[in-house]
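Participant: Structure below; questions to follow.
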Amino acid sequence: TVGTTDTNTTLKGFAVSGIYVGVQFKIGVPDDQNKLLNTTASAPLNASGMYWSWTSGYKFLKFEWLAKEGAGTTNQFHLGGGTCTGGNGSNLNCSYPNVPTVTVKTTNNTTWNPTTNPVYLDVKTLVNGTNSNLSDGGAAYTCMSGNTTARCKVLLNNVGVNETDGKTLTTQSAFYLKP
């Protein structure tokens, strides 16, 4: 694991007791909080590594990888609102929300147990379709939520974002439940 003490390797949530066949969650920052400045926001929104200083708003997901160990080039996928105008504050407006609702379910509607069947991000599936994978020394691959950028289309679609409007797709391929 590479990262800082701010790096999340596990996320936990809570639900009322019951019988579940899956889980649904959003990857994003609520719109009113996305408009805050990281210099005045409370934790965790004060973490500068998850804030876009060159545009407006926050990174909802930040994934960076090397195509192979020892490679000097870092590939990057940063998911956040796209084509944002108005600066931070109440007038921030993003043409592409890029907040996917991810739904993962058990097979055959069997009971889901989050302890034995956690949700995983499949890294190989996330980068599938890019020109950089985890086994070759491909060229740097960078996507900064550019919905109109061809290289972002695959990554956005893989996490469940429709690149044409920034809304949730009916399918995603990057997340799954451990069988």
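By order in the structure tokens, chains are A, B, ...; within a chain, residues start at 1; ligands start at 1, following the order shown.
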Excluding range 112-123 of chain A and any residue of its chain fewer than 3 positions from it, enumerate the residues within 9 Å of it, using only C-alpha atoms, and give them as JSON, numbers by chain.

Facilitator: {"A": [19, 20, 21, 22, 23, 104, 105, 106, 109, 126, 127, 128, 134, 173, 174, 175, 176, 177, 178, 179]}

Participant: Among range 26-171 of chain A, which ones does DSSP assign to alpha helix (DSSP H) (computed from the backbone)? Answer as a list in words.

Facilitator: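 Checking each residue of range 26-171 of chain A, the alpha helix (DSSP H) ones are Asp31, Asp32, Gln33, Asn34, Val123, Lys124, Thr125, Leu126, Val127, Ala150, Arg151, Cys152, Lys153, Val154, Leu155, Leu156, Asn157 and Asn158 of chain A.
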
Participant: Determine, counting only C-alpha atoms, which protein, DNA and RNA residues have an atom within 8 Å of an atom of range 147-163 of chain A; residues of the same chain fewer than 4 positions away are not included. Present the result as a list in words.

Facilitator: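 Result of the neighbour search: Phe77, Leu79, Gly82, Tyr96, Asn98, Val99, Pro100, Thr101, Val102, Thr125, Leu126, Val127, Asn128, Gly129, Thr130, Tyr141, Thr142, Cys143, Lys167, Thr168, Leu169, Thr170, Thr171, Gln172, Ser173, Ala174 and Phe175 of chain A.
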
Participant: Identify, with DSSP run on backbone atoms, the residues in chain A assigned to strand (DSSP E or B), and express the list as an MDAnalysis selection string.

Facilitator: chainID A and resid 22:26 51 58:66 74:80 82:85 93:96 101:105 119:121 142:143 161 168 175:177

Participant: How many Å separate CA of Gly28 in chain A from CA of Thr110 in chain A?

Facilitator: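 Calculated distance between CA of Gly28 in chain A and CA of Thr110 in chain A is 28.4 Å.
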
Participant: Any idea what the distance is between CA of Thr39 in chain A and CA of Trp52 in chain A?

Facilitator: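 Going from CA of Thr39 in chain A over to CA of Trp52 in chain A, I get 11.9 Å.
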
Participant: From the options A:Gly13, A:Gly57, A:Gly49, A:Gly87, which residue's atoms come nearest to Asn34 in chain A, counting only C-alpha atoms?

Facilitator: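 Of A:Gly13, A:Gly57, A:Gly49, A:Gly87, the one nearest Asn34 in chain A is A:Gly57, counting only C-alpha atoms.
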
Participant: Pick out the residues sitting within 7 Å of Trp65 in chain A, and hand them over as a PyMOL selection string; count only C-alpha atoms, and ignore anything fewer than 2 positions along from it in its own chain.

Facilitator: chain A and resi 63+67+74-76

Participant: Residues within 9 Å of Leu45 in chain A, please, as a PDB file with all heavy atoms, in the first residue's frame. Count only C-alpha atoms; anything in the same chain fewer than 5 positions from it doesn't count.

Facilitator:
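Contents of the output file out21.pdb:
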```pdb
ATOM      1  N   GLN A  33     -21.463  20.617  -0.058  1.00  0.00           N
ATOM      2  CA  GLN A  33     -20.124  20.495   0.511  1.00  0.00           C
ATOM      3  C   GLN A  33     -19.041  20.591  -0.558  1.00  0.00           C
ATOM      4  O   GLN A  33     -17.916  21.003  -0.278  1.00  0.00           O
ATOM      5  CB  GLN A  33     -19.996  19.192   1.289  1.00  0.00           C
ATOM      6  CG  GLN A  33     -20.861  19.186   2.524  1.00  0.00           C
ATOM      7  CD  GLN A  33     -20.774  17.888   3.302  1.00  0.00           C
ATOM      8  OE1 GLN A  33     -20.044  16.974   2.951  1.00  0.00           O
ATOM      9  NE2 GLN A  33     -21.526  17.804   4.375  1.00  0.00           N
ATOM     10  N   ASN A  34     -19.374  20.237  -1.792  1.00  0.00           N
ATOM     11  CA  ASN A  34     -18.426  20.346  -2.893  1.00  0.00           C
ATOM     12  C   ASN A  34     -18.084  21.810  -3.174  1.00  0.00           C
ATOM     13  O   ASN A  34     -17.082  22.113  -3.808  1.00  0.00           O
ATOM     14  CB  ASN A  34     -18.977  19.672  -4.153  1.00  0.00           C
ATOM     15  CG  ASN A  34     -17.922  19.444  -5.203  1.00  0.00           C
ATOM     16  OD1 ASN A  34     -16.774  19.150  -4.894  1.00  0.00           O
ATOM     17  ND2 ASN A  34     -18.307  19.581  -6.453  1.00  0.00           N
ATOM     18  N   LEU A  36     -17.426  24.034  -0.857  1.00  0.00           N
ATOM     19  CA  LEU A  36     -16.608  24.589   0.222  1.00  0.00           C
ATOM     20  C   LEU A  36     -15.147  24.716  -0.206  1.00  0.00           C
ATOM     21  O   LEU A  36     -14.667  23.980  -1.068  1.00  0.00           O
ATOM     22  CB  LEU A  36     -16.686  23.689   1.456  1.00  0.00           C
ATOM     23  CG  LEU A  36     -18.074  23.475   2.058  1.00  0.00           C
ATOM     24  CD1 LEU A  36     -18.002  22.440   3.179  1.00  0.00           C
ATOM     25  CD2 LEU A  36     -18.645  24.789   2.566  1.00  0.00           C
ATOM     26  N   LEU A  37     -14.436  25.612   0.426  1.00  0.00           N
ATOM     27  CA  LEU A  37     -12.990  25.732   0.229  1.00  0.00           C
ATOM     28  C   LEU A  37     -12.288  24.818   1.210  1.00  0.00           C
ATOM     29  O   LEU A  37     -12.643  24.791   2.399  1.00  0.00           O
ATOM     30  CB  LEU A  37     -12.536  27.172   0.472  1.00  0.00           C
ATOM     31  CG  LEU A  37     -12.956  28.196  -0.566  1.00  0.00           C
ATOM     32  CD1 LEU A  37     -12.640  29.609  -0.075  1.00  0.00           C
ATOM     33  CD2 LEU A  37     -12.247  27.931  -1.877  1.00  0.00           C
ATOM     34  N   ASN A  38     -11.285  24.084   0.747  1.00  0.00           N
ATOM     35  CA  ASN A  38     -10.598  23.161   1.652  1.00  0.00           C
ATOM     36  C   ASN A  38      -9.819  23.903   2.738  1.00  0.00           C
ATOM     37  O   ASN A  38      -9.538  23.337   3.783  1.00  0.00           O
ATOM     38  CB  ASN A  38      -9.687  22.214   0.883  1.00  0.00           C
ATOM     39  CG  ASN A  38      -8.420  22.884   0.408  1.00  0.00           C
ATOM     40  OD1 ASN A  38      -8.461  23.975  -0.164  1.00  0.00           O
ATOM     41  ND2 ASN A  38      -7.297  22.243   0.611  1.00  0.00           N
ATOM     42  N   THR A  39      -9.511  25.158   2.525  1.00  0.00           N
ATOM     43  CA  THR A  39      -8.754  25.921   3.521  1.00  0.00           C
ATOM     44  C   THR A  39      -9.613  26.336   4.715  1.00  0.00           C
ATOM     45  O   THR A  39      -9.084  26.651   5.777  1.00  0.00           O
ATOM     46  CB  THR A  39      -8.137  27.178   2.886  1.00  0.00           C
ATOM     47  OG1 THR A  39      -9.171  27.929   2.250  1.00  0.00           O
ATOM     48  CG2 THR A  39      -7.066  26.803   1.874  1.00  0.00           C
ATOM     49  N   THR A  40     -10.925  26.327   4.559  1.00  0.00           N
ATOM     50  CA  THR A  40     -11.810  26.706   5.663  1.00  0.00           C
ATOM     51  C   THR A  40     -12.774  25.592   6.065  1.00  0.00           C
ATOM     52  O   THR A  40     -13.489  25.737   7.052  1.00  0.00           O
ATOM     53  CB  THR A  40     -12.633  27.964   5.288  1.00  0.00           C
ATOM     54  OG1 THR A  40     -13.362  27.708   4.086  1.00  0.00           O
ATOM     55  CG2 THR A  40     -11.718  29.171   5.081  1.00  0.00           C
ATOM     56  N   MET A  50      -7.297  15.971  -1.767  1.00  0.00           N
ATOM     57  CA  MET A  50      -8.566  15.616  -2.404  1.00  0.00           C
ATOM     58  C   MET A  50      -9.298  16.846  -2.937  1.00  0.00           C
ATOM     59  O   MET A  50     -10.476  16.789  -3.260  1.00  0.00           O
ATOM     60  CB  MET A  50      -9.461  14.846  -1.436  1.00  0.00           C
ATOM     61  CG  MET A  50      -8.917  13.483  -1.060  1.00  0.00           C
ATOM     62  SD  MET A  50      -8.663  12.385  -2.478  1.00  0.00           S
ATOM     63  CE  MET A  50     -10.345  11.994  -2.921  1.00  0.00           C
ATOM     64  N   TYR A  51      -8.581  17.953  -3.048  1.00  0.00           N
ATOM     65  CA  TYR A  51      -9.168  19.203  -3.522  1.00  0.00           C
ATOM     66  C   TYR A  51      -8.485  19.604  -4.825  1.00  0.00           C
ATOM     67  O   TYR A  51      -7.267  19.523  -4.950  1.00  0.00           O
ATOM     68  CB  TYR A  51      -8.969  20.292  -2.463  1.00  0.00           C
ATOM     69  CG  TYR A  51      -9.631  21.600  -2.800  1.00  0.00           C
ATOM     70  CD1 TYR A  51     -11.003  21.753  -2.634  1.00  0.00           C
ATOM     71  CD2 TYR A  51      -8.903  22.669  -3.274  1.00  0.00           C
ATOM     72  CE1 TYR A  51     -11.630  22.947  -2.933  1.00  0.00           C
ATOM     73  CE2 TYR A  51      -9.522  23.878  -3.573  1.00  0.00           C
ATOM     74  CZ  TYR A  51     -10.878  24.008  -3.407  1.00  0.00           C
ATOM     75  OH  TYR A  51     -11.491  25.184  -3.706  1.00  0.00           O
ATOM     76  N   TYR A  58     -14.054  19.158  -5.166  1.00  0.00           N
ATOM     77  CA  TYR A  58     -13.256  18.076  -4.610  1.00  0.00           C
ATOM     78  C   TYR A  58     -13.153  16.897  -5.564  1.00  0.00           C
ATOM     79  O   TYR A  58     -13.998  16.709  -6.440  1.00  0.00           O
ATOM     80  CB  TYR A  58     -13.880  17.591  -3.292  1.00  0.00           C
ATOM     81  CG  TYR A  58     -13.738  18.595  -2.183  1.00  0.00           C
ATOM     82  CD1 TYR A  58     -14.665  19.616  -2.031  1.00  0.00           C
ATOM     83  CD2 TYR A  58     -12.664  18.540  -1.311  1.00  0.00           C
ATOM     84  CE1 TYR A  58     -14.528  20.557  -1.018  1.00  0.00           C
ATOM     85  CE2 TYR A  58     -12.522  19.469  -0.302  1.00  0.00           C
ATOM     86  CZ  TYR A  58     -13.452  20.472  -0.161  1.00  0.00           C
ATOM     87  OH  TYR A  58     -13.317  21.404   0.828  1.00  0.00           O
TER      88      TYR A  58
END
```

Participant: Tell me which of A:His78, A:Val29, A:Ala43, A:Thr85 sits closest to Thr55 in chain A, counting only C-alpha atoms.

Facilitator: A:Thr85

Participant: What gap, in Å, lies between CA of Thr83 in chain A and CA of Gly146 in chain A?

Facilitator: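 Atom-to-atom, CA of Thr83 in chain A and CA of Gly146 in chain A are spaced 7.6 Å apart.
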